[in-house]
Every structure is written in C-alpha cells, then in structure tokens.
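S.K.: PDB, C-alpha atoms and all ligand atoms, saved as input_17.pdb, coming up:
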ATOM      1  CA  ALA Z  22     135.565  61.253  37.349
ATOM      2  CA  GLN Z  23     134.315  63.159  34.337
ATOM      3  CA  PRO Z  24     131.039  64.901  35.130
ATOM      4  CA  LEU Z  25     127.973  64.106  33.073
ATOM      5  CA  LEU Z  26     127.580  67.765  32.205
ATOM      6  CA  ASP Z  27     130.233  70.434  32.503
ATOM      7  CA  VAL Z  28     129.151  73.940  31.532
ATOM      8  CA  GLN Z  29     132.146  76.244  31.295
ATOM      9  CA  ASP Z  30     131.993  80.012  31.153
ATOM     10  CA  LEU Z  31     128.873  80.003  28.998
ATOM     11  CA  ALA Z  32     127.670  83.287  27.520
ATOM     12  CA  VAL Z  33     124.349  83.924  25.774
ATOM     13  CA  GLU Z  34     123.195  87.228  24.342
ATOM     14  CA  PHE Z  35     119.811  88.398  23.149
ATOM     15  CA  ARG Z  36     119.305  91.207  20.688
ATOM     16  CA  THR Z  37     116.543  93.374  22.121
ATOM     17  CA  ARG Z  38     115.143  96.763  21.217
ATOM     18  CA  ASP Z  39     117.043  98.240  24.164
ATOM     19  CA  GLY Z  40     120.341  96.738  23.035
ATOM     20  CA  VAL Z  41     122.235  93.528  23.703
ATOM     21  CA  ALA Z  42     120.988  91.702  26.795
ATOM     22  CA  LYS Z  43     123.631  89.546  28.443
ATOM     23  CA  ALA Z  44     121.230  86.885  29.632
ATOM     24  CA  VAL Z  45     124.014  84.464  30.501
ATOM     25  CA  ASN Z  46     127.314  86.062  31.319
ATOM     26  CA  GLY Z  47     129.919  83.437  32.175
ATOM     27  CA  VAL Z  48     128.045  80.536  33.760
ATOM     28  CA  SER Z  49     129.905  77.473  34.979
ATOM     29  CA  TYR Z  50     128.386  74.456  36.679
ATOM     30  CA  THR Z  51     128.683  70.697  36.640
ATOM     31  CA  VAL Z  52     126.274  67.818  37.109
ATOM     32  CA  ALA Z  53     127.585  64.415  38.123
ATOM     33  CA  ALA Z  54     125.911  61.267  36.798
ATOM     34  CA  GLY Z  55     123.084  60.249  39.087
ATOM     35  CA  GLN Z  56     123.104  63.563  40.969
ATOM     36  CA  THR Z  57     120.677  66.451  41.279
ATOM     37  CA  LEU Z  58     121.803  70.033  40.790
ATOM     38  CA  ALA Z  59     119.308  72.697  41.760
ATOM     39  CA  VAL Z  60     119.731  75.984  39.902
ATOM     40  CA  LEU Z  61     118.220  78.729  41.982
ATOM     41  CA  GLY Z  62     117.553  82.333  41.051
ATOM     42  CA  GLU Z  63     115.040  85.081  40.485
ATOM     43  CA  SER Z  64     113.326  85.291  37.125
ATOM     44  CA  GLY Z  65     115.712  86.826  34.611
ATOM     45  CA  SER Z  66     118.783  85.400  36.346
ATOM     46  CA  GLY Z  67     119.587  83.284  33.291
ATOM     47  CA  LYS Z  68     118.755  79.870  34.736
ATOM     48  CA  SER Z  69     116.282  78.899  32.023
ATOM     49  CA  VAL Z  70     118.359  80.375  29.216
ATOM     50  CA  THR Z  71     121.381  78.345  30.347
ATOM     51  CA  ALA Z  72     119.230  75.212  30.281
ATOM     52  CA  GLN Z  73     117.916  76.036  26.828
ATOM     53  CA  ALA Z  74     121.483  76.431  25.592
ATOM     54  CA  VAL Z  75     122.366  73.028  27.057
ATOM     55  CA  MET Z  76     119.344  71.469  25.359
ATOM     56  CA  GLY Z  77     120.108  73.281  22.110
ATOM     57  CA  ILE Z  78     116.648  74.833  21.972
ATOM     58  CA  LEU Z  79     117.538  78.521  22.235
ATOM     59  CA  ASP Z  80     115.502  80.463  19.720
ATOM     60  CA  SER Z  81     118.214  81.937  17.603
ATOM     61  CA  PRO Z  82     117.686  84.693  16.721
ATOM     62  CA  PRO Z  83     117.173  86.501  19.047
ATOM     63  CA  GLY Z  84     119.297  84.345  21.427
ATOM     64  CA  PHE Z  85     122.885  83.386  20.598
ATOM     65  CA  VAL Z  86     125.593  81.485  22.432
ATOM     66  CA  THR Z  87     128.553  83.851  22.289
ATOM     67  CA  GLY Z  88     131.099  81.963  24.361
ATOM     68  CA  GLY Z  89     131.990  79.031  26.533
ATOM     69  CA  ARG Z  90     131.697  75.260  26.315
ATOM     70  CA  ILE Z  91     129.004  72.733  27.124
ATOM     71  CA  LEU Z  92     130.680  69.393  27.710
ATOM     72  CA  PHE Z  93     128.211  66.513  27.814
ATOM     73  CA  GLN Z  94     129.776  63.107  28.454
ATOM     74  CA  GLY Z  95     133.036  64.734  27.471
ATOM     75  CA  ARG Z  96     131.914  66.190  24.134
ATOM     76  CA  ASP Z  97     131.428  69.907  23.546
ATOM     77  CA  LEU Z  98     127.851  70.188  22.309
ATOM     78  CA  LEU Z  99     128.557  73.605  20.835
ATOM     79  CA  THR Z 100     130.859  72.066  18.244
ATOM     80  CA  LEU Z 101     128.282  69.550  16.990
ATOM     81  CA  GLY Z 102     126.028  69.949  13.964
ATOM     82  CA  LYS Z 103     122.269  70.470  14.211
ATOM     83  CA  GLU Z 104     121.452  66.873  13.341
ATOM     84  CA  GLU Z 105     123.739  65.392  15.947
ATOM     85  CA  ARG Z 106     122.456  67.750  18.617
ATOM     86  CA  ARG Z 107     118.909  66.773  17.763
ATOM     87  CA  ARG Z 108     119.844  63.124  18.149
ATOM     88  CA  ILE Z 109     121.443  63.701  21.558
ATOM     89  CA  ARG Z 110     118.440  65.751  22.641
ATOM     90  CA  GLY Z 111     116.149  62.910  21.633
ATOM     91  CA  ALA Z 112     118.049  60.038  23.158
ATOM     92  CA  LYS Z 113     120.213  61.339  25.975
ATOM     93  CA  MET Z 114     118.628  64.442  27.442
ATOM     94  CA  ALA Z 115     115.060  65.501  28.029
ATOM     95  CA  MET Z 116     113.373  68.598  29.395
ATOM     96  CA  ILE Z 117     110.322  69.014  31.596
ATOM     97  CA  PHE Z 118     108.588  72.380  31.508
ATOM     98  CA  GLN Z 119     106.393  74.258  33.948
ATOM     99  CA  ASP Z 120     103.361  74.199  31.710
ATOM    100  CA  ALA Z 121     102.530  70.659  30.630
ATOM    101  CA  LEU Z 122      99.382  71.766  28.853
ATOM    102  CA  SER Z 123     101.321  73.784  26.289
ATOM    103  CA  ALA Z 124     104.179  71.262  26.096
ATOM    104  CA  LEU Z 125     101.882  68.356  25.240
ATOM    105  CA  ASN Z 126     100.011  68.081  21.964
ATOM    106  CA  PRO Z 127      96.345  68.903  22.687
ATOM    107  CA  VAL Z 128      94.895  66.884  19.794
ATOM    108  CA  LEU Z 129      96.683  63.595  20.454
ATOM    109  CA  SER Z 130      95.856  61.211  23.293
ATOM    110  CA  VAL Z 131      98.564  60.831  25.910
ATOM    111  CA  GLY Z 132      98.950  57.173  24.936
ATOM    112  CA  THR Z 133      99.632  58.136  21.347
ATOM    113  CA  GLN Z 134     102.175  60.772  22.385
ATOM    114  CA  LEU Z 135     103.973  58.436  24.762
ATOM    115  CA  GLY Z 136     103.827  55.594  22.253
ATOM    116  CA  GLU Z 137     105.331  57.812  19.553
ATOM    117  CA  MET Z 138     108.340  58.487  21.765
ATOM    118  CA  PHE Z 139     109.055  54.748  21.834
ATOM    119  CA  ARG Z 140     108.263  54.183  18.188
ATOM    120  CA  VAL Z 141     110.511  56.927  16.903
ATOM    121  CA  HIS Z 142     113.469  56.001  19.042
ATOM    122  CA  THR Z 143     113.249  52.249  19.381
ATOM    123  CA  GLY Z 144     111.220  51.269  16.345
ATOM    124  CA  THR Z 145     108.753  49.164  18.317
ATOM    125  CA  SER Z 146     105.368  48.249  16.869
ATOM    126  CA  ARG Z 147     102.323  50.395  17.530
ATOM    127  CA  LYS Z 148     100.825  47.766  19.820
ATOM    128  CA  GLU Z 149     104.013  47.295  21.784
ATOM    129  CA  ALA Z 150     104.408  51.047  22.116
ATOM    130  CA  ARG Z 151     100.890  51.322  23.504
ATOM    131  CA  ALA Z 152     101.656  48.672  26.116
ATOM    132  CA  LYS Z 153     104.825  50.529  27.059
ATOM    133  CA  ALA Z 154     102.879  53.765  27.365
ATOM    134  CA  VAL Z 155     100.504  52.153  29.857
ATOM    135  CA  GLU Z 156     103.428  50.711  31.792
ATOM    136  CA  LEU Z 157     105.076  54.104  32.029
ATOM    137  CA  MET Z 158     101.847  55.834  33.047
ATOM    138  CA  GLU Z 159     101.536  53.317  35.860
ATOM    139  CA  ARG Z 160     105.143  53.922  36.846
ATOM    140  CA  VAL Z 161     104.575  57.667  37.241
ATOM    141  CA  GLY Z 162     101.484  57.055  39.329
ATOM    142  CA  ILE Z 163      98.553  57.711  36.990
ATOM    143  CA  PRO Z 164      95.555  55.844  38.427
ATOM    144  CA  ALA Z 165      93.644  53.565  36.022
ATOM    145  CA  ALA Z 166      96.363  54.022  33.399
ATOM    146  CA  ARG Z 167      94.973  51.308  31.123
ATOM    147  CA  ALA Z 168      91.577  52.986  31.002
ATOM    148  CA  ARG Z 169      93.026  56.477  30.567
ATOM    149  CA  VAL Z 170      95.668  55.852  27.921
ATOM    150  CA  GLY Z 171      93.309  57.164  25.228
ATOM    151  CA  ASP Z 172      92.479  60.389  27.099
ATOM    152  CA  TYR Z 173      93.682  63.802  25.952
ATOM    153  CA  PRO Z 174      95.962  66.109  27.974
ATOM    154  CA  HIS Z 175      93.140  68.494  28.990
ATOM    155  CA  GLN Z 176      91.256  65.609  30.606
ATOM    156  CA  PHE Z 177      93.926  65.271  33.290
ATOM    157  CA  SER Z 178      94.543  67.433  36.345
ATOM    158  CA  GLY Z 179      97.617  69.685  36.442
ATOM    159  CA  GLY Z 180      99.513  67.267  38.667
ATOM    160  CA  MET Z 181      98.637  64.266  36.490
ATOM    161  CA  ARG Z 182      99.679  66.163  33.363
ATOM    162  CA  GLN Z 183     103.012  66.916  34.962
ATOM    163  CA  ARG Z 184     103.395  63.195  35.638
ATOM    164  CA  ILE Z 185     102.669  62.505  31.969
ATOM    165  CA  MET Z 186     105.404  64.956  30.981
ATOM    166  CA  ILE Z 187     107.779  63.155  33.306
ATOM    167  CA  ALA Z 188     106.764  59.889  31.629
ATOM    168  CA  MET Z 189     107.482  61.430  28.206
ATOM    169  CA  ALA Z 190     110.928  62.464  29.403
ATOM    170  CA  LEU Z 191     111.593  59.022  30.868
ATOM    171  CA  ALA Z 192     110.466  57.110  27.796
ATOM    172  CA  LEU Z 193     113.916  57.348  26.271
ATOM    173  CA  GLU Z 194     115.761  56.648  29.504
ATOM    174  CA  PRO Z 195     117.892  59.770  29.127
ATOM    175  CA  ASP Z 196     121.139  60.361  31.006
ATOM    176  CA  LEU Z 197     120.099  63.903  31.897
ATOM    177  CA  ILE Z 198     116.746  65.485  32.658
ATOM    178  CA  ILE Z 199     116.333  69.236  32.955
ATOM    179  CA  ALA Z 200     113.202  70.252  34.836
ATOM    180  CA  ASP Z 201     112.390  73.966  34.566
ATOM    181  CA  GLU Z 202     110.072  75.010  37.415
ATOM    182  CA  PRO Z 203     108.287  71.635  37.090
ATOM    183  CA  THR Z 204     105.963  72.188  40.049
ATOM    184  CA  THR Z 205     105.501  75.953  40.136
ATOM    185  CA  ALA Z 206     101.984  75.814  38.694
ATOM    186  CA  LEU Z 207     100.771  73.164  41.156
ATOM    187  CA  ASP Z 208      99.210  73.156  44.627
ATOM    188  CA  VAL Z 209     101.567  72.656  47.547
ATOM    189  CA  THR Z 210     100.589  69.042  48.229
ATOM    190  CA  VAL Z 211     100.729  68.034  44.575
ATOM    191  CA  GLN Z 212     103.987  69.944  44.258
ATOM    192  CA  ALA Z 213     105.603  67.747  46.910
ATOM    193  CA  GLN Z 214     104.260  64.556  45.338
ATOM    194  CA  VAL Z 215     105.580  65.414  41.882
ATOM    195  CA  MET Z 216     108.938  66.437  43.325
ATOM    196  CA  ASP Z 217     109.191  63.181  45.269
ATOM    197  CA  LEU Z 218     108.351  61.210  42.135
ATOM    198  CA  LEU Z 219     111.039  63.015  40.183
ATOM    199  CA  ALA Z 220     113.614  62.360  42.892
ATOM    200  CA  GLU Z 221     112.645  58.693  43.096
ATOM    201  CA  LEU Z 222     112.827  58.165  39.339
ATOM    202  CA  ARG Z 223     116.130  59.977  39.177
ATOM    203  CA  ARG Z 224     117.541  57.431  41.614
ATOM    204  CA  GLU Z 225     115.901  54.453  39.938
ATOM    205  CA  TYR Z 226     117.083  55.382  36.447
ATOM    206  CA  ARG Z 227     120.418  56.801  37.700
ATOM    207  CA  MET Z 228     119.975  59.985  35.686
ATOM    208  CA  GLY Z 229     121.494  63.387  36.250
ATOM    209  CA  LEU Z 230     118.847  65.980  37.085
ATOM    210  CA  ILE Z 231     118.936  69.748  36.823
ATOM    211  CA  LEU Z 232     116.135  71.277  38.811
ATOM    212  CA  ILE Z 233     115.526  74.913  37.947
ATOM    213  CA  THR Z 234     113.566  76.863  40.508
ATOM    214  CA  HIS Z 235     113.009  80.239  42.125
ATOM    215  CA  ASP Z 236     111.826  78.470  45.272
ATOM    216  CA  LEU Z 237     114.404  77.501  47.897
ATOM    217  CA  GLY Z 238     111.728  75.508  49.699
ATOM    218  CA  VAL Z 239     111.344  72.852  47.021
ATOM    219  CA  VAL Z 240     115.007  71.950  46.602
ATOM    220  CA  ALA Z 241     116.188  71.246  50.137
ATOM    221  CA  ASP Z 242     115.124  67.612  50.177
ATOM    222  CA  VAL Z 243     115.849  66.597  46.609
ATOM    223  CA  ALA Z 244     119.049  68.352  45.512
ATOM    224  CA  ASP Z 245     122.616  67.244  46.120
ATOM    225  CA  THR Z 246     124.168  70.554  45.138
ATOM    226  CA  ILE Z 247     122.903  74.069  44.430
ATOM    227  CA  ALA Z 248     124.071  76.703  41.985
ATOM    228  CA  VAL Z 249     122.712  80.164  42.807
ATOM    229  CA  MET Z 250     122.421  82.511  39.837
ATOM    230  CA  TYR Z 251     122.254  86.282  39.711
ATOM    231  CA  ALA Z 252     122.207  88.556  36.659
ATOM    232  CA  GLY Z 253     123.387  85.855  34.267
ATOM    233  CA  ARG Z 254     126.139  84.427  36.455
ATOM    234  CA  VAL Z 255     126.583  81.685  39.006
ATOM    235  CA  VAL Z 256     127.375  83.452  42.272
ATOM    236  CA  GLU Z 257     127.611  80.440  44.567
ATOM    237  CA  THR Z 258     127.742  76.655  44.335
ATOM    238  CA  ALA Z 259     127.703  74.284  47.292
ATOM    239  CA  PRO Z 260     126.405  70.980  48.585
ATOM    240  CA  VAL Z 261     122.837  71.751  49.546
ATOM    241  CA  HIS Z 262     123.110  71.357  53.318
ATOM    242  CA  GLN Z 263     126.268  73.427  53.547
ATOM    243  CA  LEU Z 264     124.660  76.223  51.603
ATOM    244  CA  TYR Z 265     121.690  76.286  53.953
ATOM    245  CA  LYS Z 266     123.890  76.191  57.022
ATOM    246  CA  ALA Z 267     126.492  78.720  55.979
ATOM    247  CA  PRO Z 268     126.117  80.617  52.698
ATOM    248  CA  ALA Z 269     129.298  82.106  51.235
ATOM    249  CA  HIS Z 270     127.638  84.850  49.186
ATOM    250  CA  PRO Z 271     125.569  87.805  50.481
ATOM    251  CA  TYR Z 272     122.921  87.206  47.824
ATOM    252  CA  THR Z 273     122.414  83.611  48.967
ATOM    253  CA  ARG Z 274     122.250  84.842  52.535
ATOM    254  CA  GLY Z 275     119.570  87.315  51.508
ATOM    255  CA  LEU Z 276     117.596  84.557  49.840
ATOM    256  CA  LEU Z 277     117.756  82.376  52.923
ATOM    257  CA  GLU Z 278     116.674  85.235  55.145
ATOM    258  CA  SER Z 279     113.785  86.034  52.827
ATOM    259  CA  VAL Z 280     112.251  82.572  53.138
ATOM    260  CA  PRO Z 281     109.296  83.006  55.470
ATOM    261  CA  ARG Z 282     108.290  79.363  55.679
ATOM    262  CA  LEU Z 283     109.853  76.440  53.864
ATOM    263  CA  GLY Z 284     107.426  74.640  51.614
ATOM    264  CA  HIS Z 285     105.047  77.542  51.285
ATOM    265  CA  LYS Z 286     103.954  77.920  47.668
ATOM    266  CA  GLY Z 287     103.961  81.016  45.526
ATOM    267  CA  ARG Z 288     106.742  82.805  47.355
ATOM    268  CA  GLU Z 289     108.990  84.899  45.139
ATOM    269  CA  LEU Z 290     112.521  85.781  46.055
ATOM    270  CA  HIS Z 291     111.864  89.482  46.395
ATOM    271  CA  ALA Z 292     112.632  90.141  50.034
ATOM    272  CA  ILE Z 293     116.092  91.479  49.210
ATOM    273  CA  LYS Z 294     115.721  95.211  48.745
ATOM    274  CA  GLY Z 295     116.020  96.556  45.214
ATOM    275  CA  LEU Z 296     115.600  94.770  41.915
ATOM    276  CA  PRO Z 297     117.822  92.607  39.744
ATOM    277  CA  PRO Z 298     119.570  94.694  37.076
ATOM    278  CA  ASN Z 299     118.436  95.307  33.541
ATOM    279  CA  LEU Z 300     120.458  92.798  31.526
ATOM    280  CA  THR Z 301     121.284  95.390  28.880
ATOM    281  CA  ALA Z 302     122.993  97.483  31.569
ATOM    282  CA  ILE Z 303     124.575  95.164  34.130
ATOM    283  CA  PRO Z 304     126.401  97.178  36.819
ATOM    284  CA  PRO Z 305     130.226  97.139  36.624
ATOM    285  CA  GLY Z 306     132.213  95.288  39.259
ATOM    286  CA  CYS Z 307     129.978  92.926  41.178
ATOM    287  CA  ALA Z 308     126.523  92.998  39.565
ATOM    288  CA  PHE Z 309     124.974  92.600  43.020
ATOM    289  CA  HIS Z 310     126.663  95.671  44.529
ATOM    290  CA  PRO Z 311     123.650  98.051  44.328
ATOM    291  CA  ARG Z 312     121.706  95.646  46.549
ATOM    292  CA  CYS Z 313     124.476  94.282  48.718
ATOM    293  CA  PRO Z 314     124.667  95.258  52.396
ATOM    294  CA  LEU Z 315     128.379  94.367  52.413
ATOM    295  CA  ALA Z 316     129.414  96.303  49.289
ATOM    296  CA  ARG Z 317     132.651  98.317  49.434
ATOM    297  CA  ASP Z 318     134.564 100.394  46.881
ATOM    298  CA  VAL Z 319     136.240  97.422  45.215
ATOM    299  CA  CYS Z 320     132.812  95.904  44.548
ATOM    300  CA  HIS Z 321     131.911  98.847  42.308
ATOM    301  CA  THR Z 322     134.916  98.320  40.049
ATOM    302  CA  ASP Z 323     136.224  94.732  40.197
ATOM    303  CA  ARG Z 324     134.149  91.819  39.071
ATOM    304  CA  PRO Z 325     134.679  88.988  41.559
ATOM    305  CA  PRO Z 326     135.792  85.694  40.025
ATOM    306  CA  LEU Z 327     134.231  82.451  41.222
ATOM    307  CA  TYR Z 328     136.559  81.729  44.172
ATOM    308  CA  ASP Z 329     137.107  78.209  45.483
ATOM    309  CA  VAL Z 330     135.920  78.524  49.055
ATOM    310  CA  GLY Z 331     135.949  74.899  50.200
ATOM    311  CA  PRO Z 332     135.526  71.356  48.912
ATOM    312  CA  GLY Z 333     132.868  71.524  46.195
ATOM    313  CA  ARG Z 334     132.149  75.141  47.069
ATOM    314  CA  THR Z 335     132.562  78.361  45.105
ATOM    315  CA  SER Z 336     131.520  81.969  45.681
ATOM    316  CA  ALA Z 337     131.715  85.031  43.447
ATOM    317  CA  CYS Z 338     132.201  87.491  46.288
ATOM    318  CA  HIS Z 339     135.353  89.418  47.213
ATOM    319  CA  PHE Z 340     134.309  89.051  50.829
ATOM    320  CA  TRP Z 341     133.241  85.418  50.809
ATOM    321  CA  LYS Z 342     135.287  84.649  53.901
ATOM    322  CA  GLU Z 343     133.573  87.274  56.018
ATOM    323  CA  THR Z 344     130.221  86.170  54.673
ATOM    324  CA  LEU Z 345     130.955  82.562  55.509
ATOM    325  CA  ASP Z 346     132.285  83.441  58.972
ATOM    326  CA  GLY Z 347     129.335  85.731  59.638
ATOM    327  CA  ALA Z 348     126.976  82.899  58.860
ATOM    328  CA  ARG Z 349     128.555  80.501  61.298
TER     329      ARG Z 349
HETATM  330 FE1  LIG U 401     128.549  92.218  47.937
HETATM  331 FE2  LIG U 401     130.935  93.004  47.127
HETATM  332 FE3  LIG U 401     130.499  90.457  47.616
HETATM  333 FE4  LIG U 401     129.415  91.619  45.496
HETATM  334  S1  LIG U 401     131.581  91.271  45.863
HETATM  335  S2  LIG U 401     128.425  90.258  46.880
HETATM  336  S3  LIG U 401     128.968  93.639  46.308
HETATM  337  S4  LIG U 401     130.455  92.122  49.112
HETATM  338 MG    MG U 402     112.350  80.637  33.695
END
Please render this file's structure as structure tokens.
Ligand code: SF4
Ligand code: MG

M.R.:
Amino acid sequence: AQPLLDVQDLAVEFRTRDGVAKAVNGVSYTVAAGQTLAVLGESGSGKSVTAQAVMGILDSPPGFVTGGRILFQGRDLLTLGKEERRRIRGAKMAMIFQDALSALNPVLSVGTQLGEMFRVHTGTSRKEARAKAVELMERVGIPAARARVGDYPHQFSGGMRQRIMIAMALALEPDLIIADEPTTALDVTVQAQVMDLLAELRREYRMGLILITHDLGVVADVADTIAVMYAGRVVETAPVHQLYKAPAHPYTRGLLESVPRLGHKGRELHAIKGLPPNLTAIPPGCAFHPRCPLARDVCHTDRPPLYDVGPGRTSACHFWKETLDGAR
C-alpha cells in the first residue's frame, strides 16, 4: 500500500555565518496511515527541520530544500505552489509544538481560537463553532470545558495548554499530525497523560502521527516504528520493539545504553562520548565515526548507505551485521 507520507532523500541547507549548514542531508522515512513514527535524535540532528520541510513552514531564507521528494498521499509536496501547500497544511496536516504558550494567540480566548479553526475550514456559524470548541475541549480532557471556553491560554496549566493545542490540531481531522517534542516542557506525570491522549486520539481518528523526540523513554509505548537521526541523516529505522531488543546501528546502541531509567524526565542523549558534528563541517565517510567505538578505516572514507537489514529495518552502518549480532 502507498504510505501516507514518503520522504525520499530530503536535503535542507541553511546559510549561516560559518558557511552552509547541511541540516538535513539525505533523509528518508515513511509513515503509514494510522501509524506512529517516532523520530529520535539529539538536538541538531535535523528531526525538526525535516518536519518543518514536510509542513512547508521552513523559514526560507535562511533554510532551503535543496533535494529530495516529499510524497504525501502520493503527491510530491515540493512541486506544489504556495497556495496549494497552505491548503493541505490547513486541512490535511497539523503540527503540535513544544511550547503551546507561544503557539497559541495570547489575546484570544481558547474558544475563539478553536472556533476559528472550524469557521475557516468548514464555514460553520459562530455559535455552532463555539459548541464544537466545547465538544473538542471535552474530548481532550479539559475539565469544566463549558465554563472555561472563554478563558485565555495563560489561564491554563502547561498540560492543559498542550491539550488545547492537540484540540486545535484535531479540529480539522487531519490525516497527519506532527508533534515536535510535545511533552518535553511538562512534568513526568502530565507528560505520560498527554502522550496517552495523543496515542488514543491517533487511533480514534485513524491519523498518521510523527512524534519527534530526544527522549527514548517517551516513545516505547506509543510508537509503531522509530527512525533514529544523526547529523542530518536517518541512521536506523525499525519497528520499535525490535530496535529496543537489537539495534542495528552503533549510535542507536549508544542511545539505549545511555538511558538510565525509562520514563525519567529531562534526560538528554549525551552519554555517548563526544559531540555531534558541526553541520557546516560534517565528517567524511560515516558522520558518526569520530564517536563510534566500532569505527574502522572504511568508516573514515566511505559514507554508508541505508542498508536493508531485515523486514522494515534499515541501518546506515557498514558493520550493521556485527552490531545486530552483538546485540543479540
Ligand atoms: Fe561506526 Fe563505521 Fe558503522 Fe559508522 S559505519 S556507525 S563509524 S562502524
Ligand atoms: Mg527541535
């Protein structure tokens, strides 16, 4: 079957003072309808930039798509005009950000903002839109929704605001939702509740979901597949449980070994020694070689392609087989 979203060999560059930064350097991943793909990586790995390119909200300049294709329901979004992309973004895909307070309009009540989503896209009356807003607030678990529909974003807690953002995204019943670190700013307990809600709604509405995170702990229970990114590339993709059991890339293995306790908030993926590369000077060969315990001569010179390493599994490592065997 045709995937809902099929990103192929995407490249995005940023002009910076230090030169051209290859923020996304040949990313490929797919999302099936009704499935959740977690995109995992350290900050600067290109996971958010890829998502922004999919949404068509890259600030250009300084960011430009320089190659690849973004097939959404079979159509390459990169070939469409601005107006058509805006329409698709409004009706078929929605994004949820980490910081709801800056994503929501501070001077409009949440009911007005939610209602506007309906009015613009379905042409319902103001009154009807208000009723729908209340309904949706109830659906995402806002207590006393009817009484609170006139409240402003700052009057809600962080977790409740995130629920309102989810409601905004759902208003249009999109086919794809991209959530970029949707729970990173929240307490552990609230984090789990919001994640559960997102997973539940994804099932109910049969949407595709891309969950962008730096936190392995939050994706285990909600994702179907994982794409691990490093230095602007996907280095491994796998069904989530297989990846946990037996990673096929040394970077993924490092990430798994660096997790002290699943579900513990605020953990960064820094336990692998060394730092991710400067994106204006990505190392030749395998970009991970300066940090890789398995690196050999070939890794310094030859960039590994994304090898097929099993059903639904890929790895961008020359020595994926050893890595996989070592993990078993
Ligand atoms: Fe390590 Fe080489 Fe594999 Fe890169 S290709 S991850 S450097 S073993
Ligand atoms: Mg980010």

S.K.: Name the residues within 9 Å of (124.2, 70.5, 39.4), counting all atoms listed in the file in the file's coordinates, and put them as a VMD selection string.

M.R.: chain Z and resid 26 50 to 53 56 to 60 229 to 232 244 to 248 258

S.K.: Let me make sure I understand: among Z:Asp39, Z:Asp120, Z:Asp242, Z:Asp318, which one has the smallest atom-to-atom distance to Gly179 (chain Z) if we use all atoms listed in the file?

M.R.: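 Of the candidates, the smallest distance to Gly179 (chain Z) is held by Z:Asp120.
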
S.K.: As an exercise, work out the distance from CA of Ala267 (chain Z) to CA of Val48 (chain Z) in Å and give it to one decimal place.

M.R.: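 Result for CA of Ala267 (chain Z) versus CA of Val48 (chain Z): 22.3 Å, one decimal.
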
S.K.: Counting only C-alpha atoms and all ligand atoms, which protein, DNA or RNA residues come within 8 Å of ligand MG 402 (chain U), given as a ChimeraX atom specification?

M.R.: /Z:64-65,67-70,201-202,233-234

S.K.: Measure the distance from CA of Gly136 (chain Z) to CA of Leu79 (chain Z) in Å and round it to one decimal.

M.R.: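 Between these atoms lies a distance of 26.7 Å.
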
S.K.: Quick one: 4 Å padding each side, axis-aligned, all listed atoms of ligand LIG 401 (chain U) - centre and edge lengths in Å to one decimal, as lines of an AutoDock Vina configuration file?

M.R.:
center_x = 130.0
center_y = 91.9
center_z = 47.3
size_x = 11.2
size_y = 11.4
size_z = 11.6

S.K.: Can you tell me which residues sit at most 10 Å away from ligand LIG 401 (chain U), counting only C-alpha atoms and all ligand atoms, written as JSON, numbers by chain?

M.R.: {"Z": [256, 269, 270, 271, 272, 273, 274, 306, 307, 308, 309, 310, 311, 312, 313, 314, 315, 316, 317, 318, 319, 320, 321, 322, 323, 324, 325, 326, 336, 337, 338, 339, 340, 341, 342, 343, 344]}

S.K.: Those residues with C-alpha atoms, as a compact mmCIF listing (two decimals), keeping the file's coordinate frame please?

M.R.:
# COMPACT_ATOMS: atom_id res chain seq x y z
CA VAL Z 256 127.38 83.45 42.27
CA ALA Z 269 129.30 82.11 51.24
CA HIS Z 270 127.64 84.85 49.19
CA PRO Z 271 125.57 87.80 50.48
CA TYR Z 272 122.92 87.21 47.82
CA THR Z 273 122.41 83.61 48.97
CA ARG Z 274 122.25 84.84 52.54
CA GLY Z 306 132.21 95.29 39.26
CA CYS Z 307 129.98 92.93 41.18
CA ALA Z 308 126.52 93.00 39.56
CA PHE Z 309 124.97 92.60 43.02
CA HIS Z 310 126.66 95.67 44.53
CA PRO Z 311 123.65 98.05 44.33
CA ARG Z 312 121.71 95.65 46.55
CA CYS Z 313 124.48 94.28 48.72
CA PRO Z 314 124.67 95.26 52.40
CA LEU Z 315 128.38 94.37 52.41
CA ALA Z 316 129.41 96.30 49.29
CA ARG Z 317 132.65 98.32 49.43
CA ASP Z 318 134.56 100.39 46.88
CA VAL Z 319 136.24 97.42 45.22
CA CYS Z 320 132.81 95.90 44.55
CA HIS Z 321 131.91 98.85 42.31
CA THR Z 322 134.92 98.32 40.05
CA ASP Z 323 136.22 94.73 40.20
CA ARG Z 324 134.15 91.82 39.07
CA PRO Z 325 134.68 88.99 41.56
CA PRO Z 326 135.79 85.69 40.02
CA SER Z 336 131.52 81.97 45.68
CA ALA Z 337 131.72 85.03 43.45
CA CYS Z 338 132.20 87.49 46.29
CA HIS Z 339 135.35 89.42 47.21
CA PHE Z 340 134.31 89.05 50.83
CA TRP Z 341 133.24 85.42 50.81
CA LYS Z 342 135.29 84.65 53.90
CA GLU Z 343 133.57 87.27 56.02
CA THR Z 344 130.22 86.17 54.67

S.K.: Neighbouring residues of Ala200 (chain Z) were defined as those with any atom within 6 Å, considering only C-alpha atoms; residues of the same chain fewer than 2 positions away were excluded. Please report them as number ranges by chain.

M.R.: Z: 116-117, 203, 232

S.K.: Could the residues in this selection be written to a file with C-alpha atoms, as a PDB file, keeping the file's coordinate frame?

M.R.:
ATOM      1  CA  MET Z 116     113.373  68.598  29.395  1.00  0.00           C
ATOM      2  CA  ILE Z 117     110.322  69.014  31.596  1.00  0.00           C
ATOM      3  CA  PRO Z 203     108.287  71.635  37.090  1.00  0.00           C
ATOM      4  CA  LEU Z 232     116.135  71.277  38.811  1.00  0.00           C
TER       5      LEU Z 232
END

S.K.: Just add N, CA and C atoms to region 211-219 of chain Z and send it as a compact mmCIF listing (two decimals), in the coordinates of the input.

M.R.:
# COMPACT_ATOMS: atom_id res chain seq x y z
N VAL Z 211 100.42 68.69 45.85
CA VAL Z 211 100.73 68.03 44.58
C VAL Z 211 102.19 68.31 44.20
N GLN Z 212 102.61 69.54 44.50
CA GLN Z 212 103.99 69.94 44.26
C GLN Z 212 104.97 68.96 44.91
N ALA Z 213 104.72 68.66 46.16
CA ALA Z 213 105.60 67.75 46.91
C ALA Z 213 105.56 66.35 46.32
N GLN Z 214 104.38 65.91 45.91
CA GLN Z 214 104.26 64.56 45.34
C GLN Z 214 105.04 64.45 44.03
N VAL Z 215 104.90 65.45 43.18
CA VAL Z 215 105.58 65.41 41.88
C VAL Z 215 107.10 65.48 42.08
N MET Z 216 107.51 66.32 43.04
CA MET Z 216 108.94 66.44 43.32
C MET Z 216 109.50 65.13 43.86
N ASP Z 217 108.76 64.48 44.74
CA ASP Z 217 109.19 63.18 45.27
C ASP Z 217 109.31 62.15 44.15
N LEU Z 218 108.33 62.15 43.25
CA LEU Z 218 108.35 61.21 42.14
C LEU Z 218 109.61 61.43 41.28
N LEU Z 219 109.88 62.68 41.01
CA LEU Z 219 111.04 63.02 40.18
C LEU Z 219 112.34 62.54 40.84
